Every structure is written in structure tokens, then in C-alpha cells.
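Structure data follow from run34.csv (CSV, C-alpha atoms and all ligand atoms):
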chain,number,residue,atom,x,y,z
A,1,MET,CA,-32.6,-78.9,126.9
A,2,ASP,CA,-35.4,-81.3,126.2
A,3,LEU,CA,-39.0,-80.4,125.3
A,4,ARG,CA,-41.8,-82.4,126.8
A,5,ILE,CA,-45.4,-82.1,125.8
A,6,ASP,CA,-47.4,-83.8,128.5
A,7,GLY,CA,-51.0,-84.7,128.1
A,8,LEU,CA,-51.8,-81.5,126.2
A,9,SER,CA,-55.4,-80.8,125.3
A,10,VAL,CA,-57.0,-77.8,123.7
A,11,ALA,CA,-60.7,-77.3,123.4
A,12,ILE,CA,-62.3,-74.1,122.1
A,13,ASP,CA,-66.0,-73.5,122.3
A,14,GLY,CA,-66.6,-77.1,123.3
A,15,LYS,CA,-64.7,-78.4,120.3
A,16,SER,CA,-61.6,-80.6,121.0
A,17,LEU,CA,-58.7,-79.4,118.7
A,18,VAL,CA,-55.9,-81.3,120.4
A,19,HIS,CA,-56.6,-84.3,122.6
A,20,ASP,CA,-54.1,-85.6,125.2
A,21,LEU,CA,-51.0,-85.1,123.2
A,22,SER,CA,-47.8,-86.3,124.7
A,23,LEU,CA,-44.5,-86.0,122.8
A,24,ASP,CA,-40.9,-85.7,123.9
A,25,VAL,CA,-38.2,-84.1,122.0
A,26,GLY,CA,-34.7,-84.9,123.3
A,27,SER,CA,-32.1,-82.3,123.7
A,28,GLY,CA,-30.8,-81.3,120.2
A,29,GLU,CA,-33.2,-83.7,118.5
A,30,VAL,CA,-35.3,-82.6,115.5
A,31,VAL,CA,-38.8,-83.9,115.6
A,32,GLY,CA,-41.4,-83.3,112.9
A,33,LEU,CA,-45.1,-83.0,113.4
A,34,VAL,CA,-47.1,-84.0,110.4
A,35,GLY,CA,-50.8,-84.6,109.6
A,36,PRO,CA,-53.6,-83.6,107.4
A,37,ASN,CA,-55.1,-80.1,107.3
A,38,GLY,CA,-56.9,-79.2,110.5
A,39,SER,CA,-55.4,-82.1,112.5
A,40,GLY,CA,-54.2,-79.7,115.2
A,41,LYS,CA,-50.5,-79.2,114.4
A,42,SER,CA,-50.5,-75.4,114.6
A,43,THR,CA,-52.7,-75.5,117.7
A,44,ALA,CA,-50.3,-77.8,119.5
A,45,LEU,CA,-47.3,-75.6,118.5
A,46,ARG,CA,-49.1,-72.5,119.6
A,47,CYS,CA,-49.2,-74.0,123.1
A,48,VAL,CA,-45.4,-74.5,123.0
A,49,TYR,CA,-44.6,-70.9,122.1
A,50,ARG,CA,-47.3,-69.7,124.5
A,51,ALA,CA,-49.6,-68.0,122.0
A,52,LEU,CA,-52.3,-70.3,123.4
A,53,ARG,CA,-53.0,-71.6,126.9
A,54,PRO,CA,-53.8,-75.4,126.9
A,55,THR,CA,-57.1,-76.5,128.4
A,56,SER,CA,-55.1,-79.2,130.3
A,57,GLY,CA,-51.7,-80.7,130.2
A,58,ALA,CA,-48.3,-79.0,130.3
A,59,VAL,CA,-45.3,-78.0,128.2
A,60,LEU,CA,-42.0,-78.5,129.9
A,61,VAL,CA,-38.6,-77.2,128.8
A,62,GLY,CA,-35.6,-78.7,130.6
A,63,GLY,CA,-38.1,-80.0,133.2
A,64,ASP,CA,-39.6,-76.6,133.9
A,65,ASP,CA,-43.3,-76.0,133.3
A,66,LEU,CA,-43.3,-73.1,130.7
A,67,SER,CA,-46.6,-71.7,132.1
A,68,ARG,CA,-44.8,-71.0,135.4
A,69,LEU,CA,-42.0,-69.0,133.9
A,70,THR,CA,-42.1,-65.3,133.1
A,71,MET,CA,-42.7,-64.4,129.4
A,72,ARG,CA,-39.1,-63.1,129.3
A,73,ARG,CA,-37.6,-66.3,130.7
A,74,GLY,CA,-39.9,-68.3,128.3
A,75,ALA,CA,-38.6,-66.3,125.4
A,76,GLN,CA,-35.0,-66.9,126.4
A,77,LEU,CA,-35.8,-70.7,126.2
A,78,VAL,CA,-38.2,-71.0,123.2
A,79,ALA,CA,-38.1,-69.2,119.9
A,80,ALA,CA,-40.8,-69.7,117.2
A,81,MET,CA,-41.1,-69.1,113.5
A,82,THR,CA,-44.8,-69.3,112.7
A,83,GLN,CA,-47.5,-68.6,110.3
A,84,ASP,CA,-48.7,-65.7,112.4
A,85,GLY,CA,-45.2,-64.3,113.0
A,86,ALA,CA,-45.7,-61.7,110.3
A,87,VAL,CA,-44.1,-58.3,110.8
A,88,ASP,CA,-46.6,-55.5,110.1
A,89,LEU,CA,-44.3,-52.5,110.6
A,90,ASP,CA,-41.8,-51.6,108.0
A,91,PHE,CA,-38.7,-52.3,109.9
A,92,THR,CA,-35.5,-53.1,108.0
A,93,VAL,CA,-34.4,-56.7,107.8
A,94,GLU,CA,-31.5,-56.0,110.1
A,95,GLU,CA,-33.8,-54.4,112.6
A,96,VAL,CA,-36.2,-57.3,112.6
A,97,VAL,CA,-33.3,-59.8,113.0
A,98,ALA,CA,-32.0,-57.7,115.9
A,99,LEU,CA,-35.4,-58.0,117.6
A,100,GLY,CA,-34.5,-61.6,118.3
A,101,ARG,CA,-32.1,-60.4,121.0
A,102,ALA,CA,-34.9,-58.6,122.9
A,103,PRO,CA,-35.5,-61.3,125.5
A,104,HIS,CA,-31.8,-61.1,126.5
A,105,GLN,CA,-31.7,-57.3,126.7
A,106,ARG,CA,-32.6,-54.8,129.4
A,107,GLY,CA,-34.5,-51.7,128.2
A,108,ASN,CA,-33.3,-50.1,125.0
A,109,GLN,CA,-29.8,-51.3,125.1
A,110,ALA,CA,-27.7,-51.2,121.9
A,111,LEU,CA,-26.5,-54.5,120.6
A,112,THR,CA,-23.1,-55.6,121.9
A,113,ALA,CA,-20.3,-56.5,119.4
A,114,ARG,CA,-21.0,-60.2,120.0
A,115,GLU,CA,-24.7,-59.7,119.3
A,116,ARG,CA,-24.0,-57.7,116.1
A,117,LYS,CA,-21.8,-60.6,115.0
A,118,LEU,CA,-24.5,-63.1,115.8
A,119,CYS,CA,-27.0,-61.2,113.8
A,120,ALA,CA,-24.7,-60.8,110.8
A,121,GLY,CA,-23.8,-64.5,111.0
A,122,ALA,CA,-27.5,-65.5,111.0
A,123,MET,CA,-28.3,-63.2,108.1
A,124,GLU,CA,-25.4,-64.8,106.1
A,125,ARG,CA,-26.6,-68.4,107.0
A,126,LEU,CA,-30.1,-67.6,105.9
A,127,ASP,CA,-29.0,-65.8,102.8
A,128,VAL,CA,-30.6,-62.5,103.6
A,129,ALA,CA,-27.4,-60.4,104.4
A,130,HIS,CA,-27.8,-58.7,101.0
A,131,LEU,CA,-31.3,-57.5,102.1
A,132,ALA,CA,-30.1,-56.0,105.4
A,133,LYS,CA,-31.3,-52.4,104.7
A,134,ARG,CA,-34.5,-53.4,102.9
A,135,GLY,CA,-37.9,-52.9,104.5
A,136,VAL,CA,-39.4,-56.2,105.4
A,137,LEU,CA,-42.7,-55.3,103.8
A,138,THR,CA,-41.0,-55.1,100.5
A,139,LEU,CA,-39.7,-58.7,100.7
A,140,SER,CA,-41.0,-61.8,98.9
A,141,GLY,CA,-42.7,-64.5,101.0
A,142,GLY,CA,-39.6,-66.7,100.9
A,143,GLU,CA,-37.2,-63.8,101.7
A,144,ARG,CA,-39.4,-62.8,104.7
A,145,GLN,CA,-39.6,-66.4,105.9
A,146,ARG,CA,-35.8,-66.6,106.0
A,147,VAL,CA,-35.6,-63.3,107.8
A,148,LEU,CA,-38.0,-64.5,110.5
A,149,LEU,CA,-35.9,-67.7,110.9
A,150,ALA,CA,-32.8,-65.6,111.3
A,151,ARG,CA,-34.6,-63.6,114.0
A,152,ALA,CA,-35.5,-66.9,115.8
A,153,LEU,CA,-31.9,-68.2,115.6
A,154,VAL,CA,-30.4,-65.0,117.1
A,155,GLN,CA,-32.7,-65.5,120.0
A,156,GLU,CA,-30.3,-68.4,120.8
A,157,PRO,CA,-33.2,-70.5,122.1
A,158,HIS,CA,-32.9,-73.9,123.7
A,159,VAL,CA,-36.0,-74.9,121.8
A,160,LEU,CA,-36.9,-73.8,118.3
A,161,VAL,CA,-40.5,-74.2,117.2
A,162,LEU,CA,-41.2,-73.9,113.4
A,163,ASP,CA,-44.6,-74.0,111.7
A,164,GLU,CA,-44.1,-74.8,108.1
A,165,PRO,CA,-40.8,-73.0,107.8
A,166,THR,CA,-40.3,-74.0,104.1
A,167,ASN,CA,-43.7,-73.3,102.6
A,168,HIS,CA,-42.6,-70.2,100.7
A,169,LEU,CA,-39.1,-71.4,99.9
A,170,ASP,CA,-37.7,-72.5,96.6
A,171,VAL,CA,-36.1,-75.9,96.6
A,172,ARG,CA,-32.5,-74.7,97.3
A,173,HIS,CA,-33.6,-72.7,100.3
A,174,GLN,CA,-35.8,-75.5,101.6
A,175,ILE,CA,-32.8,-77.8,101.6
A,176,GLU,CA,-30.5,-75.2,103.1
A,177,VAL,CA,-32.9,-74.2,105.9
A,178,LEU,CA,-33.7,-77.8,106.9
A,179,SER,CA,-30.1,-78.9,106.7
A,180,HIS,CA,-29.2,-76.2,109.2
A,181,LEU,CA,-31.6,-77.7,111.8
A,182,ARG,CA,-29.8,-80.9,112.5
A,183,GLY,CA,-26.9,-80.4,114.8
A,184,ALA,CA,-27.6,-76.7,115.0
A,185,GLY,CA,-27.8,-76.8,118.8
A,186,PRO,CA,-31.4,-76.1,119.7
A,187,THR,CA,-34.0,-78.8,120.2
A,188,VAL,CA,-36.4,-78.5,117.3
A,189,LEU,CA,-40.1,-79.2,116.9
A,190,VAL,CA,-41.1,-78.5,113.3
A,191,VAL,CA,-44.5,-78.8,111.4
A,192,LEU,CA,-43.9,-79.8,107.8
A,193,HIS,CA,-46.4,-80.7,105.1
A,194,ASP,CA,-43.7,-82.1,102.7
A,195,LEU,CA,-43.2,-85.6,104.1
A,196,ASN,CA,-40.1,-86.3,102.0
A,197,LEU,CA,-38.5,-83.2,103.5
A,198,ALA,CA,-39.6,-84.4,106.9
A,199,ALA,CA,-38.1,-87.8,106.3
A,200,ALA,CA,-34.8,-86.2,105.4
A,201,ALA,CA,-34.7,-83.5,108.1
A,202,CYS,CA,-36.2,-85.2,111.2
A,203,ASP,CA,-34.8,-87.7,113.7
A,204,ARG,CA,-38.3,-88.7,114.5
A,205,ILE,CA,-41.8,-87.8,113.3
A,206,GLY,CA,-45.1,-87.6,115.1
A,207,VAL,CA,-48.3,-87.9,113.2
A,208,LEU,CA,-51.5,-86.1,114.2
A,209,SER,CA,-54.9,-86.9,113.0
A,210,GLN,CA,-58.1,-85.2,114.3
A,211,GLY,CA,-56.2,-83.8,117.2
A,212,ARG,CA,-54.7,-87.1,118.4
A,213,LEU,CA,-51.2,-88.5,118.1
A,214,VAL,CA,-51.6,-91.5,115.9
A,215,THR,CA,-48.0,-92.7,116.0
A,216,SER,CA,-44.4,-91.5,116.4
A,217,GLY,CA,-41.1,-92.9,115.6
A,218,SER,CA,-38.3,-92.9,113.1
A,219,PRO,CA,-39.2,-91.7,109.6
A,220,ALA,CA,-38.8,-95.2,108.2
A,221,ASP,CA,-41.1,-96.6,110.9
A,222,VAL,CA,-43.8,-93.9,110.6
A,223,LEU,CA,-44.0,-93.1,106.9
A,224,THR,CA,-45.5,-96.3,105.6
A,225,GLU,CA,-47.9,-97.0,102.7
A,226,SER,CA,-50.6,-98.0,105.2
A,227,LEU,CA,-50.2,-94.9,107.3
A,228,MET,CA,-50.5,-92.8,104.1
A,229,ALA,CA,-53.7,-94.5,103.3
A,230,ASP,CA,-55.2,-94.5,106.8
A,231,VAL,CA,-54.3,-91.0,107.9
A,232,PHE,CA,-54.0,-89.0,104.6
A,233,GLY,CA,-56.3,-91.1,102.4
A,234,VAL,CA,-53.6,-91.2,99.8
A,235,LYS,CA,-52.1,-94.1,97.9
A,236,ALA,CA,-48.3,-93.7,98.1
A,237,THR,CA,-45.4,-95.8,97.2
A,238,VAL,CA,-42.5,-95.7,99.6
A,239,VAL,CA,-39.0,-96.2,98.3
A,240,PRO,CA,-35.6,-95.7,100.0
A,241,HIS,CA,-33.7,-92.6,98.8
A,242,PRO,CA,-30.9,-94.0,96.6
A,243,LEU,CA,-28.3,-91.9,98.4
A,244,THR,CA,-29.4,-91.5,102.0
A,245,GLY,CA,-31.8,-94.5,102.4
A,246,ASP,CA,-34.4,-92.1,103.9
A,247,PRO,CA,-38.0,-93.2,103.0
A,248,GLN,CA,-39.3,-91.2,100.1
A,249,LEU,CA,-43.0,-91.1,99.1
A,250,LEU,CA,-44.0,-91.3,95.5
A,251,TYR,CA,-47.6,-90.3,94.4
A,252,ALA,CA,-49.4,-90.9,91.2
A,253,LEU,CA,-52.0,-88.3,90.3
A,254,HIS,CA,-54.1,-90.8,88.5
A,255,PRO,CA,-56.3,-92.5,91.1
A,256,SER,CA,-56.4,-95.8,89.2
A,257,LEU,CA,-52.6,-96.3,89.3
B,1,LIG,N1,-59.5,-70.3,117.5
B,1,LIG,C1,-60.2,-71.3,117.0
B,1,LIG,N2,-61.5,-71.5,117.1
B,1,LIG,C2,-62.2,-72.5,116.6
B,1,LIG,N3,-61.5,-73.5,115.9
B,1,LIG,C3,-60.2,-73.4,115.7
B,1,LIG,C4,-59.5,-72.3,116.2
B,1,LIG,N4,-58.2,-72.5,115.9
B,1,LIG,C5,-58.1,-73.6,115.2
B,1,LIG,N5,-59.3,-74.1,115.0
B,1,LIG,C6,-59.7,-75.4,114.3
B,1,LIG,O1,-58.9,-76.4,114.9
B,1,LIG,C7,-58.5,-77.4,113.9
B,1,LIG,C8,-57.0,-77.5,114.0
B,1,LIG,O2,-56.4,-76.4,113.5
B,1,LIG,P1,-54.9,-76.3,113.3
B,1,LIG,O3,-54.6,-74.9,112.7
B,1,LIG,O4,-54.2,-76.6,114.5
B,1,LIG,O5,-54.6,-77.4,112.2
B,1,LIG,P2,-53.3,-77.8,111.4
B,1,LIG,O6,-53.1,-79.2,111.6
B,1,LIG,O7,-52.2,-76.9,111.7
B,1,LIG,O8,-53.8,-77.5,109.9
B,1,LIG,P3,-53.1,-77.0,108.5
B,1,LIG,O9,-52.3,-78.2,108.0
B,1,LIG,O10,-54.3,-76.7,107.7
B,1,LIG,O11,-52.3,-75.8,108.8
B,1,LIG,C9,-59.1,-76.9,112.6
B,1,LIG,O12,-60.3,-77.5,112.3
B,1,LIG,C10,-59.3,-75.4,112.9
B,1,LIG,O13,-60.3,-74.9,112.1
Since I need it in another form, could you write the structure as C-alpha cells?
Amino acid sequence: MDLRIDGLSVAIDGKSLVHDLSLDVGSGEVVGLVGPNGSGKSTALRCVYRALRPTSGAVLVGGDDLSRLTMRRGAQLVAAMTQDGAVDLDFTVEEVVALGRAPHQRGNQALTARERKLCAGAMERLDVAHLAKRGVLTLSGGERQRVLLARALVQEPHVLVLDEPTNHLDVRHQIEVLSHLRGAGPTVLVVLHDLNLAAAACDRIGVLSQGRLVTSGSPADVLTESLMADVFGVKATVVPHPLTGDPQLLYALHPSL
């Protein structure tokens, strides 16, 4: 199913945080949302996973306005892995992952054999199966991030929304997690700070600055030296990745270079 963000605006206490954002993510596509700190990325995402009600505009999944669906139906369509998705109670890893099935269950039903297999598969894929019996509060930041992503995947959503899914991960797990996204099935909207990872993982990238969409398009069209200077205030050199051809940004720490 496709995701359509249509004229989304969010204002809090008279301050505009997101202004008239429109962005389409085609069915099965991976679209990255990037931008400087405070540019409104998480605010926009929160509207997509319904943690925040937009001031105006709409979020549509498969043509249906999310705000008109029940929370249960919405959770069957959209799963999120977010900065505020922390788990405060000391559930075990396998219990947390199983919670991903809640939108599909009635009452306190036990998991079916298919669901147990789904959870086990997701824990394998995210490299957390060996932690199944551990309490989530005892995990490292990266381990917990992978558990929360496994929970989102077992939700079997049509749309997966990820807010900096790799910020705690070591380089191997960053690559593994992002390489799972493409062709995994769900339509993906992902906020990433690492622009080189975004270039490798995303079909298209949208750039937010001060709550507004500045541009969107293929990584090669969007991640240019002039955009880096204009939006991020950074001097970057863009080179094609020698193996994939994806644009890669090089930075020099010394400002005179
Ligand atoms: N509830 C709120 N009340 C007032 N201001 C808010 C609220 N939530 C967010 N903001 C402000 O809105 C702006 C956008 O925040 P948001 O978290 O969406 O940015 P972001 O692009 O995700 O930033 P980062 O890259 O730092 O995670 C920031 O200036 C933030 O301080």
C-alpha cells in the first residue's frame, strides 16, 4: 500500500513545526527523510504513526485517511520504530517482540504456531534470538533498537515508519538493518541522519528544513554539494561509491579545506 502525506502542517503554541508537507511513498518504496536538527522530521513522522494529530492536512494509507480509522485498524496498517518507543517494563525480549502481534489479536489470545514462527524469524533476522529470555531493560541501546525493530516487523504492517533506526547500531548492524528494508514488503518512511546510509538505503530522499520540504528525488539528484551548503551549512564533496555508484559525501573537519 502507498503512503501519502498530504499538505501536513503542525503548529504548537503558535509555532509552526511542519508546514504544508506533501510527500508520497509508493507501495514497497523506501523513502528517507533527512534534514538538520529541529527541522521537523520526527514531528512529521509522529503524525504518520498517530502519536500527534496534525493541525491540518492528512495522512493516507492505501487511499484511506488514517485519522478516520480505528486505532486497531491503523496499527494493522502502520508500525513504527521510534525514539519514544522505549519499553519501560521489564518484559523479556520475546515478550516485547510478541507484542507486535497485538493489533491482529483479540483479547489475551495465545500466539498461533504461525505467529510464533514469525516472531522467531524476526528475532533471527535482527540478530536478537540469543537474547530471547533476557529482560529488555538489561539490553544495550543497539540491542534494544533491534528488538523494537523486530516487534515492528512482526506487526506485518503495510507501512513501516522508522525514526533514526540505526543511531545506536554498530556498522555491521546498520548495514544489516537497512539492507533488510529494501524489498522487505512494507512501504518504508525512514528518518536518517547518516546521509551516506540514506543514499544507499533509500529509493528517494526528501529534505526538510525549518519544517518545509526543500526538495525530494533520487539520492543522486538530492544529495548535492549545493544542497549540503544551503541546508546543512556544510562543505561536502560528493563522489560516486566505487562499487554501487550511490552518491557518498565526504567531509573535511578543517573548515579551510
Ligand atoms: N511538543 C512540542 N512543543 C514545542 N516545540 C516542539 C514540540 N515538539 C517539537 N518541537 C520543536 O519542533 C522542532 C522540530 O522538532 P523535531 O523533533 O520534529 O525535529 P527533528 O528534525 O526530528 O530534529 P532532530 O534531528 O534533532 O531529531 C524543534 O525545534 C523542536 O524543539
Check: Smallest atom-to-atom distance to His19 (chain A): which of A:Gly35, A:Gly57, A:Gly121, A:Gly142, using only C-alpha atoms?
Finding: A:Gly57
Report as an mmCIF file with C-alpha atoms, keeping the file's coordinate frame which protein, DNA and RNA residues come within 6 Å of ligand LIG 1 (chain B), using only C-alpha atoms and all ligand atoms.
data_model
loop_
_atom_site.group_PDB
_atom_site.id
_atom_site.type_symbol
_atom_site.label_atom_id
_atom_site.label_comp_id
_atom_site.auth_asym_id
_atom_site.auth_seq_id
_atom_site.Cartn_x
_atom_site.Cartn_y
_atom_site.Cartn_z
ATOM 1 C CA ILE A 12 -62.300 -74.100 122.100
ATOM 2 C CA LEU A 17 -58.700 -79.400 118.700
ATOM 3 C CA PRO A 36 -53.600 -83.600 107.400
ATOM 4 C CA ASN A 37 -55.100 -80.100 107.300
ATOM 5 C CA GLY A 38 -56.900 -79.200 110.500
ATOM 6 C CA SER A 39 -55.400 -82.100 112.500
ATOM 7 C CA GLY A 40 -54.200 -79.700 115.200
ATOM 8 C CA LYS A 41 -50.500 -79.200 114.400
ATOM 9 C CA SER A 42 -50.500 -75.400 114.600
ATOM 10 C CA THR A 43 -52.700 -75.500 117.700
#
Item checked: d(CA of Leu160 (chain A), CA of Val30 (chain A)) in Å ->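 CA of Val30 (chain A) lies at a distance of 9.4 Å from CA of Leu160 (chain A).
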Notebook entry, point to check: Do you know which residues are at most 9 Å from Leu169 (chain A) counting only C-alpha atoms, after dropping those on the same chain fewer than 6 positions away, and could you put them as a PyMOL selection string?
Noted result: chain A and resi 141-143+145-146
Next item on the list: Scan for residues within 12 Å of the point (-33.3, -52.4, 115.7) in the coordinates of the file, using only C-alpha atoms, and reply as a VMD selection string.
Entry: chain A and resid 90 to 102 108 to 111 115 to 116 119 132 to 133 151
Let me see the file: selected residues, C-alpha atoms, as a compact mmCIF listing (two decimals), in the coordinates of the input.
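Produced file result.txt, reproduced below:
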# COMPACT_ATOMS: atom_id res chain seq x y z
CA ASP A 90 -41.80 -51.60 108.00
CA PHE A 91 -38.70 -52.30 109.90
CA THR A 92 -35.50 -53.10 108.00
CA VAL A 93 -34.40 -56.70 107.80
CA GLU A 94 -31.50 -56.00 110.10
CA GLU A 95 -33.80 -54.40 112.60
CA VAL A 96 -36.20 -57.30 112.60
CA VAL A 97 -33.30 -59.80 113.00
CA ALA A 98 -32.00 -57.70 115.90
CA LEU A 99 -35.40 -58.00 117.60
CA GLY A 100 -34.50 -61.60 118.30
CA ARG A 101 -32.10 -60.40 121.00
CA ALA A 102 -34.90 -58.60 122.90
CA ASN A 108 -33.30 -50.10 125.00
CA GLN A 109 -29.80 -51.30 125.10
CA ALA A 110 -27.70 -51.20 121.90
CA LEU A 111 -26.50 -54.50 120.60
CA GLU A 115 -24.70 -59.70 119.30
CA ARG A 116 -24.00 -57.70 116.10
CA CYS A 119 -27.00 -61.20 113.80
CA ALA A 132 -30.10 -56.00 105.40
CA LYS A 133 -31.30 -52.40 104.70
CA ARG A 151 -34.60 -63.60 114.00
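Minimum atom-to-atom distance to Ser179 (chain A), evaluated using only C-alpha atoms, belongs to A:Arg125 out of A:His254, A:Arg46, A:His193, A:Arg125.
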Notebook entry, point to check: Which one of A:Gln248, A:Gln155, A:Thr82, A:Thr187 sits closest to Ala200 (chain A) if you count only C-alpha atoms?
Noted result: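 Checking each of A:Gln248, A:Gln155, A:Thr82, A:Thr187 against Ala200 (chain A), counting only C-alpha atoms, the winner is A:Gln248.
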Checklist line | Length of the CA of Leu8 (chain A) to CA of Arg53 (chain A) vector [Å] | finding: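 Between these atoms lies a distance of 10.0 Å.
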Check: How many Å separate CA of Arg72 (chain A) from CA of Asp127 (chain A)?
Finding: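 Going from CA of Arg72 (chain A) over to CA of Asp127 (chain A), I get 28.5 Å.
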Next item on the list: Excluding Val18 (chain A) and residues on its chain fewer than 5 positions from it, collect all residues at most 6 Å away from it, counting only C-alpha atoms, and give them as a PyMOL selection string.
Entry: chain A and resi 9-10+40+211
Check: Using only C-alpha atoms, which residues sit within 7 Å of Gly32 (chain A) once same-chain residues fewer than 5 positions away are excluded, as a VMD selection string?
Finding: chain A and resid 189 to 192 198 202 204 to 206
Got time to write the residues from that selection, C-alpha atoms, as a PDB file, in the coordinates of the input?
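Resulting contents of selection.pdb:
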ATOM      1  CA  LEU A 189     -40.100 -79.200 116.900  1.00  0.00           C
ATOM      2  CA  VAL A 190     -41.100 -78.500 113.300  1.00  0.00           C
ATOM      3  CA  VAL A 191     -44.500 -78.800 111.400  1.00  0.00           C
ATOM      4  CA  LEU A 192     -43.900 -79.800 107.800  1.00  0.00           C
ATOM      5  CA  ALA A 198     -39.600 -84.400 106.900  1.00  0.00           C
ATOM      6  CA  CYS A 202     -36.200 -85.200 111.200  1.00  0.00           C
ATOM      7  CA  ARG A 204     -38.300 -88.700 114.500  1.00  0.00           C
ATOM      8  CA  ILE A 205     -41.800 -87.800 113.300  1.00  0.00           C
ATOM      9  CA  GLY A 206     -45.100 -87.600 115.100  1.00  0.00           C
TER      10      GLY A 206
END
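The list of residues with at least one atom within 10 Å of Ser67 (chain A), based on only C-alpha atoms and without residues fewer than 2 positions apart in the same chain, reads Cys47, Val48, Arg50, Arg53, Pro54, Ala58, Val59, Leu60, Asp64, Asp65, Leu69, Thr70, Met71 and Gly74 of chain A.
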Margin query: For region 220-236 of chain A, find every residue with an atom within 7 Å (counting all atoms listed in the file), except residues of its own chain fewer than 2 positions away, and show them as a VMD selection string.
Written below: chain A and resid 36 205 209 215 to 218 238 246 to 247 249 to 251
Next item on the list: Name the closest residue to Tyr49 (chain A) among the candidates A:Ala11, A:Leu243, A:Val177, A:Ala80; distances are taken between atoms, counting only C-alpha atoms.
Entry: A:Ala80
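With all atoms listed in the file as the basis for measurement, A:Ile175 is the residue among A:Leu213, A:Val128, A:Ala75, A:Ile175 that approaches Asp194 (chain A) most closely.
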Checklist line | Residue among A:Leu118, A:Ala199, A:Ala129, A:Met81 lying closest to Asp163 (chain A), counting only C-alpha atoms | finding: A:Met81
